[in-house]
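Below is the file coords.txt, which contains compact mmCIF, C-alpha atoms.
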# COMPACT_ATOMS: atom_id res chain seq x y z
CA MET A 1264 -10.21 21.42 98.04
CA ASN A 1265 -9.86 17.71 98.29
CA HIS A 1266 -7.51 15.97 95.80
CA VAL A 1267 -8.35 12.45 94.73
CA THR A 1268 -5.30 10.25 94.41
CA LYS A 1269 -5.44 7.73 91.49
CA PRO A 1270 -4.68 4.11 92.34
CA ALA A 1271 -1.11 3.09 91.56
CA ALA A 1272 -2.29 0.51 89.03
CA TRP A 1273 -4.07 3.22 86.99
CA THR A 1274 -0.92 5.34 86.97
CA LEU A 1275 1.37 2.49 85.85
CA ALA A 1276 -0.90 1.07 83.15
CA PRO A 1277 0.34 3.15 80.18
CA ALA A 1278 3.97 2.41 80.97
CA LEU A 1279 3.30 -1.32 81.37
CA LEU A 1280 1.38 -1.38 78.08
CA ALA A 1281 4.30 0.29 76.25
CA LEU A 1282 6.76 -2.21 77.72
CA ALA A 1283 4.55 -5.10 76.68
CA MET A 1284 4.36 -3.81 73.14
CA LEU A 1285 8.12 -3.43 72.95
CA ALA A 1286 8.61 -6.93 74.29
CA GLY A 1287 6.18 -8.32 71.75
CA CYS A 1288 8.04 -6.64 68.87
CA ALA A 1289 11.51 -7.56 70.06
CA GLY A 1290 11.41 -10.95 68.42
CA LYS A 1291 10.06 -9.68 65.07
CA LYS A 1292 12.15 -8.33 62.22
CA PRO A 1293 10.86 -5.14 60.63
CA ALA A 1294 9.13 -5.68 57.28
CA PRO A 1295 11.53 -4.99 54.41
CA ALA A 1296 10.96 -1.78 52.51
CA PRO A 1297 9.37 -2.37 49.08
CA VAL A 1298 11.97 -2.57 46.33
CA ALA A 1299 11.33 -0.19 43.47
CA ALA A 1300 11.40 -1.81 40.07
CA ALA A 1301 14.66 -1.09 38.31
CA PRO A 1302 14.17 1.24 35.33
CA GLU A 1303 14.43 -0.50 31.99
CA ALA A 1304 17.86 0.03 30.51
CA ASN A 1305 17.92 2.10 27.34
CA PRO A 1306 19.17 0.15 24.32
CA GLN A 1307 21.59 1.57 21.80
CA VAL A 1308 18.77 1.43 19.25
CA LEU A 1309 15.10 1.74 20.18
CA LEU A 1310 12.58 0.99 17.41
CA LEU A 1311 9.12 2.46 18.02
CA GLY A 1312 6.43 1.44 15.54
CA GLU A 1313 3.13 2.94 14.54
CA ILE A 1314 -0.07 2.61 12.58
CA HIS A 1315 0.14 5.94 10.83
CA ASP A 1316 -3.44 7.10 11.45
CA ASN A 1317 -3.96 5.66 14.95
CA ALA A 1318 -3.75 8.60 17.38
CA GLN A 1319 -3.96 6.32 20.42
CA GLY A 1320 -0.78 4.56 19.39
CA GLN A 1321 0.91 7.86 18.63
CA ARG A 1322 0.13 9.09 22.16
CA GLN A 1323 1.36 5.88 23.79
CA ARG A 1324 4.57 5.94 21.79
CA TYR A 1325 5.21 9.58 22.72
CA ALA A 1326 4.67 8.72 26.39
CA GLU A 1327 7.21 5.87 26.10
CA LEU A 1328 9.87 8.15 24.65
CA ARG A 1329 9.03 11.10 26.90
CA LYS A 1330 9.44 8.89 29.99
CA ARG A 1331 12.93 7.91 28.92
CA VAL A 1332 13.97 11.44 27.98
CA ASP A 1333 12.64 12.85 31.26
CA ALA A 1334 14.82 10.28 33.03
CA GLY A 1335 17.89 11.70 31.30
CA TRP A 1336 18.23 9.73 28.04
CA ARG A 1337 19.47 11.82 25.12
CA PRO A 1338 19.17 9.81 21.88
CA ALA A 1339 19.00 11.06 18.33
CA ILE A 1340 15.51 10.67 16.83
CA ALA A 1341 15.35 9.20 13.32
CA MET A 1342 12.01 9.60 11.56
CA GLU A 1343 10.62 7.73 8.56
CA GLN A 1344 8.49 10.79 7.84
CA PHE A 1345 11.50 12.76 6.52
CA ASP A 1346 13.19 11.65 3.27
CA ARG A 1347 16.97 11.54 3.36
CA GLU A 1348 17.38 14.45 0.91
CA SER A 1349 15.71 16.75 3.42
CA GLN A 1350 18.47 16.39 6.04
CA PRO A 1351 20.15 19.75 5.24
CA GLN A 1352 16.80 21.55 5.58
CA LEU A 1353 16.05 19.63 8.75
CA ASP A 1354 19.41 20.64 10.24
CA GLU A 1355 18.74 24.30 9.48
CA ALA A 1356 15.22 24.10 10.89
CA GLN A 1357 16.52 22.65 14.15
CA LYS A 1358 18.94 25.56 14.47
CA GLY A 1359 16.39 28.28 13.73
CA CYS A 1360 13.03 26.95 14.95
CA VAL A 1361 11.75 27.15 18.51
CA ASP A 1362 8.62 25.08 17.94
CA ALA A 1363 7.60 22.00 15.99
CA GLU A 1364 5.21 23.90 13.75
CA CYS A 1365 8.15 25.83 12.32
CA VAL A 1366 10.04 22.60 11.55
CA ILE A 1367 6.95 21.14 9.90
CA GLN A 1368 6.47 24.24 7.76
CA VAL A 1369 10.10 24.19 6.63
CA VAL A 1370 10.59 20.46 6.04
CA GLY A 1371 7.28 18.59 6.20
CA GLY A 1372 5.79 17.30 2.97
CA PRO A 1373 2.17 16.54 2.08
CA ALA A 1374 2.24 12.78 2.70
CA TRP A 1375 1.84 12.79 6.49
CA ASP A 1376 -0.58 14.04 9.15
CA TRP A 1377 2.07 16.19 10.80
CA GLN A 1378 0.03 17.08 13.87
CA GLN A 1379 0.47 13.45 14.94
CA TYR A 1380 4.23 14.05 15.04
CA TYR A 1381 4.19 17.55 16.56
CA PRO A 1382 4.86 16.34 20.15
CA LEU A 1383 7.83 14.20 19.08
CA ILE A 1384 9.41 17.02 17.11
CA GLN A 1385 8.82 19.43 19.99
CA LEU A 1386 10.42 16.95 22.40
CA ALA A 1387 13.49 16.88 20.17
CA LEU A 1388 13.70 20.68 20.03
CA ASP A 1389 13.17 21.15 23.78
CA ASN A 1390 15.91 18.66 24.64
CA GLN A 1391 18.31 19.38 21.75
CA LEU A 1392 17.97 15.87 20.34
CA PRO A 1393 19.13 15.62 16.72
CA LEU A 1394 16.42 14.79 14.19
CA ILE A 1395 17.50 12.38 11.45
CA ALA A 1396 15.74 12.08 8.07
CA ALA A 1397 15.50 8.30 7.84
CA ASN A 1398 13.59 7.39 4.68
CA LEU A 1399 14.62 6.73 1.12
CA SER A 1400 13.04 9.13 -1.34
CA ARG A 1401 10.59 8.06 -4.02
CA ALA A 1402 13.37 8.51 -6.57
CA ASP A 1403 15.59 6.11 -4.61
CA ALA A 1404 12.77 3.58 -4.30
CA SER A 1405 12.00 3.80 -8.02
CA GLN A 1406 15.64 3.10 -8.82
CA VAL A 1407 15.57 0.06 -6.56
CA VAL A 1408 12.39 -1.24 -8.21
CA ARG A 1409 14.18 -1.10 -11.58
CA ASN A 1410 17.69 -2.16 -10.60
CA GLY A 1411 17.56 -4.09 -7.33
CA VAL A 1412 18.38 -3.43 -3.68
CA ALA A 1413 22.12 -2.94 -4.10
CA SER A 1414 21.61 -0.03 -6.53
CA ALA A 1415 20.75 2.31 -3.64
CA PHE A 1416 23.99 1.71 -1.72
CA ASP A 1417 27.72 2.31 -1.94
CA ALA A 1418 30.27 -0.49 -2.08
CA LYS A 1419 30.85 -0.53 1.70
CA ALA A 1420 27.14 -0.93 2.45
CA VAL A 1421 26.85 -3.64 -0.21
CA ALA A 1422 29.60 -5.53 1.61
CA ASP A 1423 28.33 -4.79 5.15
CA TYR A 1424 24.79 -5.99 4.37
CA HIS A 1425 25.77 -8.81 1.95
CA LEU A 1426 23.80 -7.23 -0.87
CA ALA A 1427 25.83 -8.87 -3.62
CA GLN A 1428 24.06 -12.08 -2.59
CA PRO A 1429 20.36 -12.87 -3.07
CA LEU A 1430 18.13 -11.79 -0.20
CA PRO A 1431 17.56 -14.54 2.39
CA ALA A 1432 14.70 -16.72 1.19
CA ASP A 1433 12.66 -16.45 4.40
CA LEU A 1434 12.92 -12.65 4.41
CA ARG A 1435 11.94 -12.30 0.75
CA ALA A 1436 8.98 -14.65 1.21
CA ALA A 1437 7.73 -12.81 4.30
CA GLN A 1438 8.14 -9.39 2.69
CA GLN A 1439 6.36 -10.63 -0.42
CA ARG A 1440 3.37 -11.69 1.68
CA GLU A 1441 3.30 -8.24 3.27
CA VAL A 1442 3.51 -6.45 -0.08
CA VAL A 1443 0.83 -8.59 -1.73
CA THR A 1444 -1.53 -8.23 1.25
CA GLY A 1445 -0.85 -4.51 1.50
CA HIS A 1446 -1.92 -4.10 -2.13
CA CYS A 1447 -5.12 -6.10 -1.64
CA GLY A 1448 -3.82 -9.01 -3.68
CA MET A 1449 -4.22 -6.86 -6.81
CA LEU A 1450 -0.58 -6.10 -7.57
CA PRO A 1451 0.51 -7.53 -10.95
CA ASP A 1452 2.99 -10.37 -10.52
CA PHE A 1453 5.70 -8.60 -12.51
CA MET A 1454 5.68 -5.71 -9.99
CA VAL A 1455 5.88 -7.75 -6.79
CA GLY A 1456 9.63 -8.42 -6.83
CA GLY A 1457 10.52 -4.75 -7.33
CA MET A 1458 8.16 -3.63 -4.58
CA VAL A 1459 9.72 -6.13 -2.19
CA ASP A 1460 13.18 -4.81 -3.10
CA ALA A 1461 12.06 -1.24 -2.38
CA GLN A 1462 10.69 -2.19 1.05
CA VAL A 1463 13.87 -4.06 1.93
CA ALA A 1464 16.03 -1.16 0.72
CA ARG A 1465 14.17 1.20 3.06
CA ASP A 1466 14.85 -1.11 6.00
CA ILE A 1467 18.53 -1.39 5.14
CA TRP A 1468 18.86 2.36 4.68
CA MET A 1469 17.28 2.99 8.07
CA ALA A 1470 19.52 0.38 9.70
CA LYS A 1471 22.57 2.04 8.13
CA LEU A 1472 21.56 5.50 9.36
CA LEU A 1473 20.87 4.26 12.88
CA LEU A 1474 24.29 2.61 13.10
CA GLU A 1475 25.95 5.80 11.83
CA GLN A 1476 24.73 7.63 14.96
CA ARG A 1477 27.07 5.62 17.20
CA PRO A 1478 28.28 6.17 19.86
CA ARG A 1479 25.07 8.14 20.45
CA ASP A 1480 21.94 6.08 21.10
CA VAL A 1481 19.11 6.50 18.62
CA VAL A 1482 15.34 6.03 18.35
CA LEU A 1483 13.57 5.15 15.11
CA ILE A 1484 10.03 6.41 14.53
CA ALA A 1485 8.54 4.30 11.73
CA GLY A 1486 5.71 2.02 10.71
CA ASN A 1487 5.28 -1.29 12.47
CA GLY A 1488 6.52 -3.20 9.43
CA HIS A 1489 9.87 -1.40 9.50
CA VAL A 1490 10.51 -2.01 13.20
CA ARG A 1491 9.91 -5.76 13.07
CA LYS A 1492 12.82 -7.81 14.41
CA ASP A 1493 12.32 -10.75 12.08
CA ILE A 1494 12.16 -9.00 8.70
CA GLY A 1495 12.66 -5.28 9.34
CA VAL A 1496 15.35 -2.84 10.44
CA ALA A 1497 16.48 -4.87 13.45
CA ARG A 1498 17.34 -7.84 11.28
CA TRP A 1499 19.64 -5.74 9.13
CA ILE A 1500 21.30 -4.17 12.15
CA GLY A 1501 22.03 -7.73 13.26
CA VAL A 1502 23.71 -8.44 9.91
CA ALA A 1503 26.06 -5.44 10.02
CA ALA A 1504 26.56 -4.97 13.77
CA PRO A 1505 25.31 -7.95 15.80
CA ALA A 1506 26.73 -6.61 19.08
CA VAL A 1507 24.48 -3.51 19.05
CA THR A 1508 21.58 -3.71 21.51
CA VAL A 1509 18.19 -3.25 19.85
CA ARG A 1510 14.69 -3.13 21.35
CA SER A 1511 11.57 -3.10 19.20
CA ILE A 1512 8.08 -2.03 20.34
CA GLY A 1513 5.04 -2.43 18.10
CA TYR A 1514 1.79 -0.48 18.41
CA LEU A 1515 -0.81 -2.75 16.84
CA GLU A 1516 -4.53 -3.16 16.30
CA GLU A 1517 -4.19 -6.93 15.89
CA ASP A 1518 -2.02 -9.69 17.29
CA ALA A 1519 1.66 -9.55 16.39
CA PRO A 1520 3.40 -12.30 14.43
CA ALA A 1521 5.50 -14.48 16.72
CA GLY A 1522 8.96 -13.04 17.28
CA ALA A 1523 8.25 -9.77 15.48
CA TYR A 1524 8.72 -7.42 18.48
CA ASP A 1525 10.19 -7.35 21.96
CA ALA A 1526 6.99 -5.76 23.28
CA THR A 1527 3.63 -4.68 21.88
CA HIS A 1528 0.83 -2.30 22.77
CA LYS A 1529 -2.65 -3.39 21.68
CA LEU A 1530 -4.70 -0.52 20.27
CA ALA A 1531 -8.40 -0.05 19.67
CA THR A 1532 -9.21 -0.82 16.04
CA LEU A 1533 -10.23 2.22 14.04
CA THR A 1534 -13.18 2.12 11.67
CA ARG A 1535 -11.89 2.92 8.21
CA PRO A 1536 -13.23 2.74 4.67
CA ASP A 1537 -12.25 -0.48 2.90
CA PRO A 1538 -8.87 0.41 1.33
CA CYS A 1539 -9.35 -2.31 -1.27
CA ALA A 1540 -12.82 -1.24 -2.44
CA GLY A 1541 -11.57 1.06 -5.18
CA LEU A 1542 -9.11 -1.48 -6.53
CA LYS A 1543 -11.76 -4.21 -6.57
CA THR A 1544 -14.15 -1.94 -8.48
CA LYS A 1545 -11.52 -1.16 -11.11
CA ALA A 1546 -10.65 -4.84 -11.47
CA ALA A 1547 -14.31 -5.72 -11.97
CA HIS A 1548 -14.42 -3.39 -14.95
Mind turning the file's structure into structure tokens?
Amino acid sequence: MNHVTKPAAWTLAPALLALAMLAGCAGKKPAPAPVAAAPEANPQVLLLGEIHDNAQGQRQRYAELRKRVDAGWRPAIAMEQFDRESQPQLDEAQKGCVDAECVIQVVGGPAWDWQQYYPLIQLALDNQLPLIAANLSRADASQVVRNGVASAFDAKAVADYHLAQPLPADLRAAQQREVVTGHCGMLPDFMVGGMVDAQVARDIWMAKLLLEQRPRDVVLIAGNGHVRKDIGVARWIGVAAPAVTVRSIGYLEEDAPAGAYDATHKLATLTRPDPCAGLKTKAAH
């Protein structure tokens, strides 16, 4: 059987090609590996807003908190949805309940759509994150309407938050606009001041509770108005403890006022009945 010998050039071609490629690359630096974005640092206080009936915003907010918890963050979770008097019940529920439905049955009142908050409560249970009842009760708010902001607080808080002095003029004016708009412009003038005081008292109470969690970090779950930096909880934290790091995220259907949040998520606008229709009808009669 005859063997055909390949020409030498054919045999050497692959080796020469490899050497040429190496020579061509010798003068080039390898491309740098892509740098992963550094994870956002967790603040001492994270304020997460909401529009109470917007499920899209609720899902996005849960995803924000879940991402941080999955990465190892272990804050307390303070919730506007629980009045402060319910803290003992909430503590017992966290000890004895294995799912969020149990906590809701034990502590939840009629004012909220609790299924919107089920994932957050379950996240707290699964990761042993303390739940904090963050809201003033209706009784507290009624007292404030009658007797002023300072009536809801002890002497130390009055001093810490400068409550013996009139509220800052810009804050009162901005809160008054929010209250009047929120009541469709139909609130009697004599009630406006007391309603503003009640809203401010809620913000101060929440700020106080959040600061009491130190050195543990804490998240606040509350309406967008409460988590505003300019007139809400963050402003009062700045009064009492300006060195504490605070980040505020709003979940909004419309554009945010300038300087109100550190970040916002724009949500699809829900179609709702006109909340002012009933009040306008009554006024017409």
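Among the candidates A:Asp1346, A:Glu1516, A:Glu1303, A:Asp1460, the residue lying nearest to Val1407 (chain A) is A:Asp1460 (atoms considered: only C-alpha atoms).
CA of Leu1483 (chain A) to CA of Pro1373 (chain A) spans 20.7 Å [interatomic distance, one decimal].
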Close residues, region 1363-1367 of chain A itself excluded, 10 Å, only C-alpha atoms, min 3 positions apart in chain, as a PyMOL selection string: chain A and resi 1352-1360+1370-1372+1377-1378+1380-1389
CA of Leu1426 (chain A) to CA of Thr1444 (chain A), distance in Å rounded to a single decimal: 25.4 Å
Shell of 12 Å around Arg1491 (chain A), all atoms listed in the file, local chain residues under 3 positions omitted, as a ChimeraX atom specification: /A:1309-1313,1434,1437-1438,1463,1466,1470,1483,1485-1488,1494-1500,1509-1515,1519-1527
Would you write out those residues with C-alpha atoms, as a compact mmCIF listing (two decimals), keeping the file's coordinate frame?
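Done, and the output landed in result.txt:
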# COMPACT_ATOMS: atom_id res chain seq x y z
CA LEU A 1309 15.10 1.74 20.18
CA LEU A 1310 12.58 0.99 17.41
CA LEU A 1311 9.12 2.46 18.02
CA GLY A 1312 6.43 1.44 15.54
CA GLU A 1313 3.13 2.94 14.54
CA LEU A 1434 12.92 -12.65 4.41
CA ALA A 1437 7.73 -12.81 4.30
CA GLN A 1438 8.14 -9.39 2.69
CA VAL A 1463 13.87 -4.06 1.93
CA ASP A 1466 14.85 -1.11 6.00
CA ALA A 1470 19.52 0.38 9.70
CA LEU A 1483 13.57 5.15 15.11
CA ALA A 1485 8.54 4.30 11.73
CA GLY A 1486 5.71 2.02 10.71
CA ASN A 1487 5.28 -1.29 12.47
CA GLY A 1488 6.52 -3.20 9.43
CA ILE A 1494 12.16 -9.00 8.70
CA GLY A 1495 12.66 -5.28 9.34
CA VAL A 1496 15.35 -2.84 10.44
CA ALA A 1497 16.48 -4.87 13.45
CA ARG A 1498 17.34 -7.84 11.28
CA TRP A 1499 19.64 -5.74 9.13
CA ILE A 1500 21.30 -4.17 12.15
CA VAL A 1509 18.19 -3.25 19.85
CA ARG A 1510 14.69 -3.13 21.35
CA SER A 1511 11.57 -3.10 19.20
CA ILE A 1512 8.08 -2.03 20.34
CA GLY A 1513 5.04 -2.43 18.10
CA TYR A 1514 1.79 -0.48 18.41
CA LEU A 1515 -0.81 -2.75 16.84
CA ALA A 1519 1.66 -9.55 16.39
CA PRO A 1520 3.40 -12.30 14.43
CA ALA A 1521 5.50 -14.48 16.72
CA GLY A 1522 8.96 -13.04 17.28
CA ALA A 1523 8.25 -9.77 15.48
CA TYR A 1524 8.72 -7.42 18.48
CA ASP A 1525 10.19 -7.35 21.96
CA ALA A 1526 6.99 -5.76 23.28
CA THR A 1527 3.63 -4.68 21.88
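We find CA of Thr1508 (chain A) and CA of Leu1473 (chain A) to be spaced 11.8 Å apart.
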Is there a way to complete region 1375-1394 of chain A with N, CA and C atoms and then write that out as a short mmCIF file (atom, residue, chain, number, x, y, z; two decimals), in the frame of the given file?
data_model
loop_
_atom_site.label_atom_id
_atom_site.label_comp_id
_atom_site.auth_asym_id
_atom_site.auth_seq_id
_atom_site.Cartn_x
_atom_site.Cartn_y
_atom_site.Cartn_z
N TRP A 1375 2.05 13.22 5.11
CA TRP A 1375 1.84 12.79 6.49
C TRP A 1375 0.91 13.75 7.22
N ASP A 1376 0.21 13.21 8.23
CA ASP A 1376 -0.58 14.04 9.15
C ASP A 1376 0.38 14.56 10.22
N TRP A 1377 0.95 15.71 9.98
CA TRP A 1377 2.07 16.19 10.80
C TRP A 1377 1.68 16.51 12.23
N GLN A 1378 0.42 16.80 12.48
CA GLN A 1378 0.03 17.08 13.87
C GLN A 1378 0.21 15.85 14.76
N GLN A 1379 0.20 14.66 14.16
CA GLN A 1379 0.47 13.45 14.94
C GLN A 1379 1.91 13.42 15.45
N TYR A 1380 2.80 14.10 14.72
CA TYR A 1380 4.23 14.05 15.04
C TYR A 1380 4.72 15.31 15.75
N TYR A 1381 3.83 16.28 15.91
CA TYR A 1381 4.19 17.55 16.56
C TYR A 1381 4.85 17.31 17.92
N PRO A 1382 4.24 16.50 18.82
CA PRO A 1382 4.86 16.34 20.15
C PRO A 1382 6.26 15.74 20.09
N LEU A 1383 6.49 14.80 19.19
CA LEU A 1383 7.83 14.20 19.08
C LEU A 1383 8.86 15.22 18.62
N ILE A 1384 8.48 16.00 17.62
CA ILE A 1384 9.41 17.02 17.11
C ILE A 1384 9.68 18.06 18.18
N GLN A 1385 8.63 18.45 18.92
CA GLN A 1385 8.82 19.43 19.99
C GLN A 1385 9.71 18.87 21.10
N LEU A 1386 9.56 17.59 21.41
CA LEU A 1386 10.42 16.95 22.40
C LEU A 1386 11.88 17.02 21.97
N ALA A 1387 12.12 16.80 20.69
CA ALA A 1387 13.49 16.88 20.17
C ALA A 1387 14.04 18.29 20.31
N LEU A 1388 13.24 19.30 19.95
CA LEU A 1388 13.70 20.68 20.03
C LEU A 1388 13.97 21.08 21.49
N ASP A 1389 13.04 20.73 22.38
CA ASP A 1389 13.17 21.15 23.78
C ASP A 1389 14.40 20.55 24.46
N ASN A 1390 14.81 19.37 23.99
CA ASN A 1390 15.91 18.66 24.64
C ASN A 1390 17.16 18.58 23.77
N GLN A 1391 17.16 19.34 22.65
CA GLN A 1391 18.31 19.38 21.75
C GLN A 1391 18.72 17.99 21.29
N LEU A 1392 17.74 17.20 20.87
CA LEU A 1392 17.97 15.87 20.34
C LEU A 1392 18.01 15.97 18.82
N PRO A 1393 19.06 15.51 18.17
CA PRO A 1393 19.13 15.62 16.72
C PRO A 1393 17.99 14.85 16.04
N LEU A 1394 17.41 15.45 15.02
CA LEU A 1394 16.42 14.79 14.19
C LEU A 1394 17.10 14.28 12.92
#
